[in-house]
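J.: I'd like to ask you about the structure that follows.
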Amino acid sequence: MLLEGEDSDEQVHLFNDRNDMLAAGTARAQDVRYDFDKDKDFSKFKTFKWVTIKGADQVDELTAKRITSAVDAELAKKGLTATDSDSADLYVGFQTAVTTEKQFTSYRTGWGYGPGWERGWYGYGGMPVTTSGSTSTIYVGQLDLSMYDSAQKQLVWRGIASKTLDPKAKPEKKDKNVAKAVQKLLKNFPPSQKS
């Protein structure tokens, strides 16, 4: 993976297992997963700088602002300060993806009476039963948030949040969904140190 500081020409080459980003299933509610370097002392990280992940699909400016604002707010609650300095303790970057899935909904029509009315058990039955259905497209959005130790140039924390999206959602709903996803994603950040 290639990270580029937003206000710097310095580039940092980092490895990224792209398969983590692509592993998403159907998500009705927010699904959150995270992993971290258990050997890192996260209490030493005090500042962070946003970086762009090279090769990642870029979202529109409104979505990027929603994501960065939500992450800034959550990391501030955890005692970290955003900076534009290349000497930040952490470099933070994100990627997004939207996938589509088909959902089939079936329902049965018809009526009947008596035992076994569907199959005409015991020599009597009702109207035949018909199964009908419809398909719809479900949009699943995924946010991959990655944090790198800037001094060691190593991935130290990664979290992925997935949720079904409503493409017709109003801006207020989008704000709420992103804030909720980021809050849930960073709930256990920084990871507790085991003695």
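A note on labels: chains of the structure tokens are A, B, ... as shown, every chain counts residues from 1, and ligands are counted from 1 in their shown order.
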Residues at most 8 Å from stretch 138-154 of chain A, counting only C-alpha atoms, excluding those fewer than 3 positions away in the same chain, as a ChimeraX atom specification?

T.: /A:12-14,21,24,26-27,87-103,157-167

J.: Output N, CA and C atoms for every residue in the selection just made, as a CSV table (one decimal), in the first residue's frame.

T.:
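Result file follows (out-v5.csv):
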```
chain,number,residue,atom,x,y,z
A,12,VAL,N,5.1,7.1,1.8
A,12,VAL,CA,5.4,6.0,2.6
A,12,VAL,C,4.9,4.8,2.0
A,13,HIS,N,5.7,3.8,1.8
A,13,HIS,CA,5.2,2.5,1.3
A,13,HIS,C,4.9,1.6,2.4
A,14,LEU,N,3.7,1.1,2.4
A,14,LEU,CA,3.2,0.1,3.4
A,14,LEU,C,2.5,-1.0,2.8
A,21,MET,N,-10.2,-6.0,3.0
A,21,MET,CA,-11.1,-5.0,2.6
A,21,MET,C,-12.3,-5.7,1.8
A,24,ALA,N,-16.7,-9.2,2.8
A,24,ALA,CA,-17.9,-8.6,3.3
A,24,ALA,C,-19.1,-9.5,3.0
A,26,THR,N,-23.5,-10.2,3.8
A,26,THR,CA,-24.7,-9.5,4.0
A,26,THR,C,-24.7,-8.9,5.4
A,27,ALA,N,-25.0,-7.6,5.4
A,27,ALA,CA,-25.0,-6.9,6.7
A,27,ALA,C,-26.3,-6.2,6.9
A,87,SER,N,5.4,14.7,11.5
A,87,SER,CA,5.9,14.0,12.7
A,87,SER,C,4.8,13.4,13.6
A,88,ALA,N,3.6,13.4,13.1
A,88,ALA,CA,2.5,12.8,13.9
A,88,ALA,C,2.9,11.4,14.3
A,89,ASP,N,2.4,10.9,15.4
A,89,ASP,CA,2.6,9.5,15.9
A,89,ASP,C,2.0,8.5,15.0
A,90,LEU,N,0.8,8.8,14.5
A,90,LEU,CA,0.0,7.9,13.7
A,90,LEU,C,-0.3,8.5,12.4
A,91,TYR,N,-0.3,7.7,11.3
A,91,TYR,CA,-0.9,8.1,10.0
A,91,TYR,C,-2.2,7.3,9.9
A,92,VAL,N,-3.3,8.0,9.6
A,92,VAL,CA,-4.6,7.4,9.5
A,92,VAL,C,-5.1,7.6,8.1
A,93,GLY,N,-5.6,6.5,7.6
A,93,GLY,CA,-6.2,6.5,6.2
A,93,GLY,C,-7.4,5.7,6.2
A,94,PHE,N,-8.2,5.9,5.2
A,94,PHE,CA,-9.4,5.1,5.0
A,94,PHE,C,-9.7,4.7,3.6
A,95,GLN,N,-10.4,3.6,3.4
A,95,GLN,CA,-10.9,3.2,2.1
A,95,GLN,C,-12.3,2.8,2.2
A,96,THR,N,-13.1,2.9,1.2
A,96,THR,CA,-14.5,2.6,1.2
A,96,THR,C,-14.8,1.6,0.0
A,97,ALA,N,-15.8,0.9,0.2
A,97,ALA,CA,-16.3,0.1,-0.9
A,97,ALA,C,-17.8,-0.1,-0.8
A,98,VAL,N,-18.5,-0.2,-1.9
A,98,VAL,CA,-19.9,-0.5,-1.9
A,98,VAL,C,-20.1,-1.6,-2.8
A,99,THR,N,-20.8,-2.6,-2.3
A,99,THR,CA,-21.1,-3.8,-3.1
A,99,THR,C,-22.6,-3.9,-3.2
A,100,THR,N,-23.1,-4.7,-4.1
A,100,THR,CA,-24.5,-4.9,-4.2
A,100,THR,C,-24.8,-6.4,-4.1
A,101,GLU,N,-25.9,-6.7,-3.5
A,101,GLU,CA,-26.4,-8.1,-3.3
A,101,GLU,C,-27.8,-8.2,-3.7
A,102,LYS,N,-28.3,-9.3,-4.2
A,102,LYS,CA,-29.7,-9.5,-4.6
A,102,LYS,C,-30.4,-10.2,-3.4
A,103,GLN,N,-31.6,-9.7,-3.1
A,103,GLN,CA,-32.4,-10.3,-2.1
A,103,GLN,C,-33.7,-10.8,-2.7
A,157,TRP,N,-3.1,-0.8,13.5
A,157,TRP,CA,-4.5,-1.1,13.9
A,157,TRP,C,-5.3,-1.0,12.6
A,158,ARG,N,-6.3,-1.8,12.4
A,158,ARG,CA,-7.2,-1.8,11.3
A,158,ARG,C,-8.6,-2.2,11.7
A,159,GLY,N,-9.6,-1.4,11.3
A,159,GLY,CA,-11.0,-1.7,11.6
A,159,GLY,C,-11.8,-1.6,10.4
A,160,ILE,N,-12.8,-2.5,10.3
A,160,ILE,CA,-13.7,-2.5,9.1
A,160,ILE,C,-15.1,-2.5,9.6
A,161,ALA,N,-15.9,-1.6,9.1
A,161,ALA,CA,-17.3,-1.5,9.5
A,161,ALA,C,-18.1,-1.7,8.2
A,162,SER,N,-19.2,-2.6,8.2
A,162,SER,CA,-20.0,-2.8,7.1
A,162,SER,C,-21.5,-2.6,7.5
A,163,LYS,N,-22.3,-2.1,6.6
A,163,LYS,CA,-23.7,-1.8,6.9
A,163,LYS,C,-24.4,-1.7,5.5
A,164,THR,N,-25.7,-2.1,5.6
A,164,THR,CA,-26.5,-1.9,4.4
A,164,THR,C,-26.8,-0.4,4.3
A,165,LEU,N,-26.8,0.1,3.0
A,165,LEU,CA,-27.0,1.5,2.8
A,165,LEU,C,-28.4,1.8,2.1
A,166,ASP,N,-28.9,2.9,2.4
A,166,ASP,CA,-30.1,3.4,1.7
A,166,ASP,C,-29.6,4.5,0.7
A,167,PRO,N,-29.6,4.2,-0.6
A,167,PRO,CA,-29.1,5.1,-1.5
A,167,PRO,C,-29.9,6.4,-1.6
```

J.: Excluding same-chain residues fewer than 4 positions from stretch 73-85 of chain A, what lies within 8 Å of it counting only C-alpha atoms, as an MDAnalysis selection string?

T.: chainID A and resid 7 45:50 69 182:183 186 189:190

J.: For the selection just defined, write its residues with C-alpha atoms to a file, as a short mmCIF file (atom, residue, chain, number, x, y, z; two decimals), in the first residue's frame.

T.:
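The result, written out as again.cif:
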```cif
data_model
loop_
_atom_site.label_atom_id
_atom_site.label_comp_id
_atom_site.auth_asym_id
_atom_site.auth_seq_id
_atom_site.Cartn_x
_atom_site.Cartn_y
_atom_site.Cartn_z
CA ASP A 7 0.33 18.23 2.75
CA PHE A 45 0.38 7.61 20.37
CA LYS A 46 -0.79 11.19 21.00
CA THR A 47 -1.11 12.73 17.53
CA PHE A 48 -2.38 11.61 14.13
CA LYS A 49 -2.29 12.85 10.58
CA TRP A 50 -4.68 12.00 7.77
CA SER A 69 -15.04 14.48 10.94
CA VAL A 182 -17.15 5.16 13.42
CA GLN A 183 -18.18 5.25 17.08
CA LEU A 186 -13.43 2.82 17.55
CA PHE A 189 -9.59 1.84 20.59
CA PRO A 190 -6.97 2.14 21.88
#
```

J.: Tell me which protein, DNA and RNA residues are within 12 Å of A:Arg66, counting only C-alpha atoms, leaving out same-chain ones fewer than 2 positions away, and put them as a ChimeraX atom specification.

T.: /A:59-64,68-73,143,171-182

J.: Would you put the residues from that selection into a file with N, CA and C atoms, as an mmCIF file, in the first residue's frame?

T.:
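Resulting contents of out_16.cif:
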```
data_model
loop_
_atom_site.group_PDB
_atom_site.id
_atom_site.type_symbol
_atom_site.label_atom_id
_atom_site.label_comp_id
_atom_site.auth_asym_id
_atom_site.auth_seq_id
_atom_site.Cartn_x
_atom_site.Cartn_y
_atom_site.Cartn_z
ATOM 1 N N VAL A 59 -13.708 8.664 -2.402
ATOM 2 C CA VAL A 59 -15.123 9.009 -2.299
ATOM 3 C C VAL A 59 -15.292 10.490 -2.603
ATOM 4 N N ASP A 60 -16.537 10.910 -2.758
ATOM 5 C CA ASP A 60 -16.792 12.324 -3.001
ATOM 6 C C ASP A 60 -16.434 13.134 -1.752
ATOM 7 N N GLU A 61 -16.273 14.429 -1.920
ATOM 8 C CA GLU A 61 -15.818 15.295 -0.836
ATOM 9 C C GLU A 61 -16.755 15.298 0.363
ATOM 10 N N LEU A 62 -18.061 15.210 0.118
ATOM 11 C CA LEU A 62 -19.019 15.220 1.223
ATOM 12 C C LEU A 62 -18.883 13.967 2.086
ATOM 13 N N THR A 63 -18.736 12.829 1.443
ATOM 14 C CA THR A 63 -18.571 11.572 2.184
ATOM 15 C C THR A 63 -17.239 11.562 2.916
ATOM 16 N N ALA A 64 -16.178 12.026 2.267
ATOM 17 C CA ALA A 64 -14.861 12.076 2.914
ATOM 18 C C ALA A 64 -14.920 12.970 4.153
ATOM 19 N N THR A 68 -13.990 11.723 7.911
ATOM 20 C CA THR A 68 -12.875 12.318 8.668
ATOM 21 C C THR A 68 -13.371 13.084 9.894
ATOM 22 N N SER A 69 -14.495 13.758 9.783
ATOM 23 C CA SER A 69 -15.039 14.483 10.942
ATOM 24 C C SER A 69 -15.438 13.520 12.050
ATOM 25 N N ALA A 70 -16.069 12.422 11.679
ATOM 26 C CA ALA A 70 -16.496 11.429 12.679
ATOM 27 C C ALA A 70 -15.281 10.782 13.352
ATOM 28 N N VAL A 71 -14.257 10.442 12.565
ATOM 29 C CA VAL A 71 -13.045 9.838 13.134
ATOM 30 C C VAL A 71 -12.313 10.857 14.009
ATOM 31 N N ASP A 72 -12.197 12.099 13.539
ATOM 32 C CA ASP A 72 -11.553 13.149 14.342
ATOM 33 C C ASP A 72 -12.223 13.257 15.707
ATOM 34 N N ALA A 73 -13.551 13.288 15.733
ATOM 35 C CA ALA A 73 -14.299 13.437 16.984
ATOM 36 C C ALA A 73 -14.064 12.244 17.914
ATOM 37 N N LEU A 143 -16.410 0.521 5.325
ATOM 38 C CA LEU A 143 -15.387 1.498 5.660
ATOM 39 C C LEU A 143 -14.220 0.753 6.291
ATOM 40 N N PRO A 171 -29.089 13.676 3.789
ATOM 41 C CA PRO A 171 -27.768 13.972 4.357
ATOM 42 C C PRO A 171 -27.702 13.769 5.877
ATOM 43 N N GLU A 172 -28.757 14.129 6.602
ATOM 44 C CA GLU A 172 -28.763 13.965 8.056
ATOM 45 C C GLU A 172 -28.652 12.484 8.438
ATOM 46 N N LYS A 173 -29.333 11.634 7.696
ATOM 47 C CA LYS A 173 -29.286 10.194 7.953
ATOM 48 C C LYS A 173 -27.894 9.644 7.640
ATOM 49 N N LYS A 174 -27.286 10.128 6.555
ATOM 50 C CA LYS A 174 -25.931 9.708 6.204
ATOM 51 C C LYS A 174 -24.950 10.117 7.306
ATOM 52 N N ASP A 175 -25.082 11.353 7.806
ATOM 53 C CA ASP A 175 -24.225 11.823 8.897
ATOM 54 C C ASP A 175 -24.356 10.902 10.103
ATOM 55 N N LYS A 176 -25.589 10.596 10.461
ATOM 56 C CA LYS A 176 -25.859 9.754 11.634
ATOM 57 C C LYS A 176 -25.279 8.355 11.445
ATOM 58 N N ASN A 177 -25.455 7.778 10.255
ATOM 59 C CA ASN A 177 -24.945 6.430 9.990
ATOM 60 C C ASN A 177 -23.424 6.370 10.055
ATOM 61 N N VAL A 178 -22.755 7.364 9.476
ATOM 62 C CA VAL A 178 -21.287 7.383 9.502
ATOM 63 C C VAL A 178 -20.794 7.575 10.930
ATOM 64 N N ALA A 179 -21.396 8.507 11.664
ATOM 65 C CA ALA A 179 -20.974 8.753 13.048
ATOM 66 C C ALA A 179 -21.158 7.497 13.897
ATOM 67 N N LYS A 180 -22.282 6.815 13.714
ATOM 68 C CA LYS A 180 -22.554 5.594 14.485
ATOM 69 C C LYS A 180 -21.561 4.484 14.126
ATOM 70 N N ALA A 181 -21.268 4.343 12.836
ATOM 71 C CA ALA A 181 -20.320 3.311 12.393
ATOM 72 C C ALA A 181 -18.932 3.574 12.961
ATOM 73 N N VAL A 182 -18.487 4.819 12.920
ATOM 74 C CA VAL A 182 -17.153 5.163 13.422
ATOM 75 C C VAL A 182 -17.094 5.004 14.938
#
```

J.: Between atom CA of A:Tyr34 and atom CA of A:Gln193, what is the distance, to one decimal in Å?

T.: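 Atom-to-atom, atom CA of A:Tyr34 to atom CA of A:Gln193, that is 15.6 Å.
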
J.: As an exercise, work out the distance from atom CA of A:Pro191 to atom CA of A:Lys40 in Å and give it to one decimal place.

T.: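 Spanning atom CA of A:Pro191 to atom CA of A:Lys40 is a straight-line distance of 9.5 Å.
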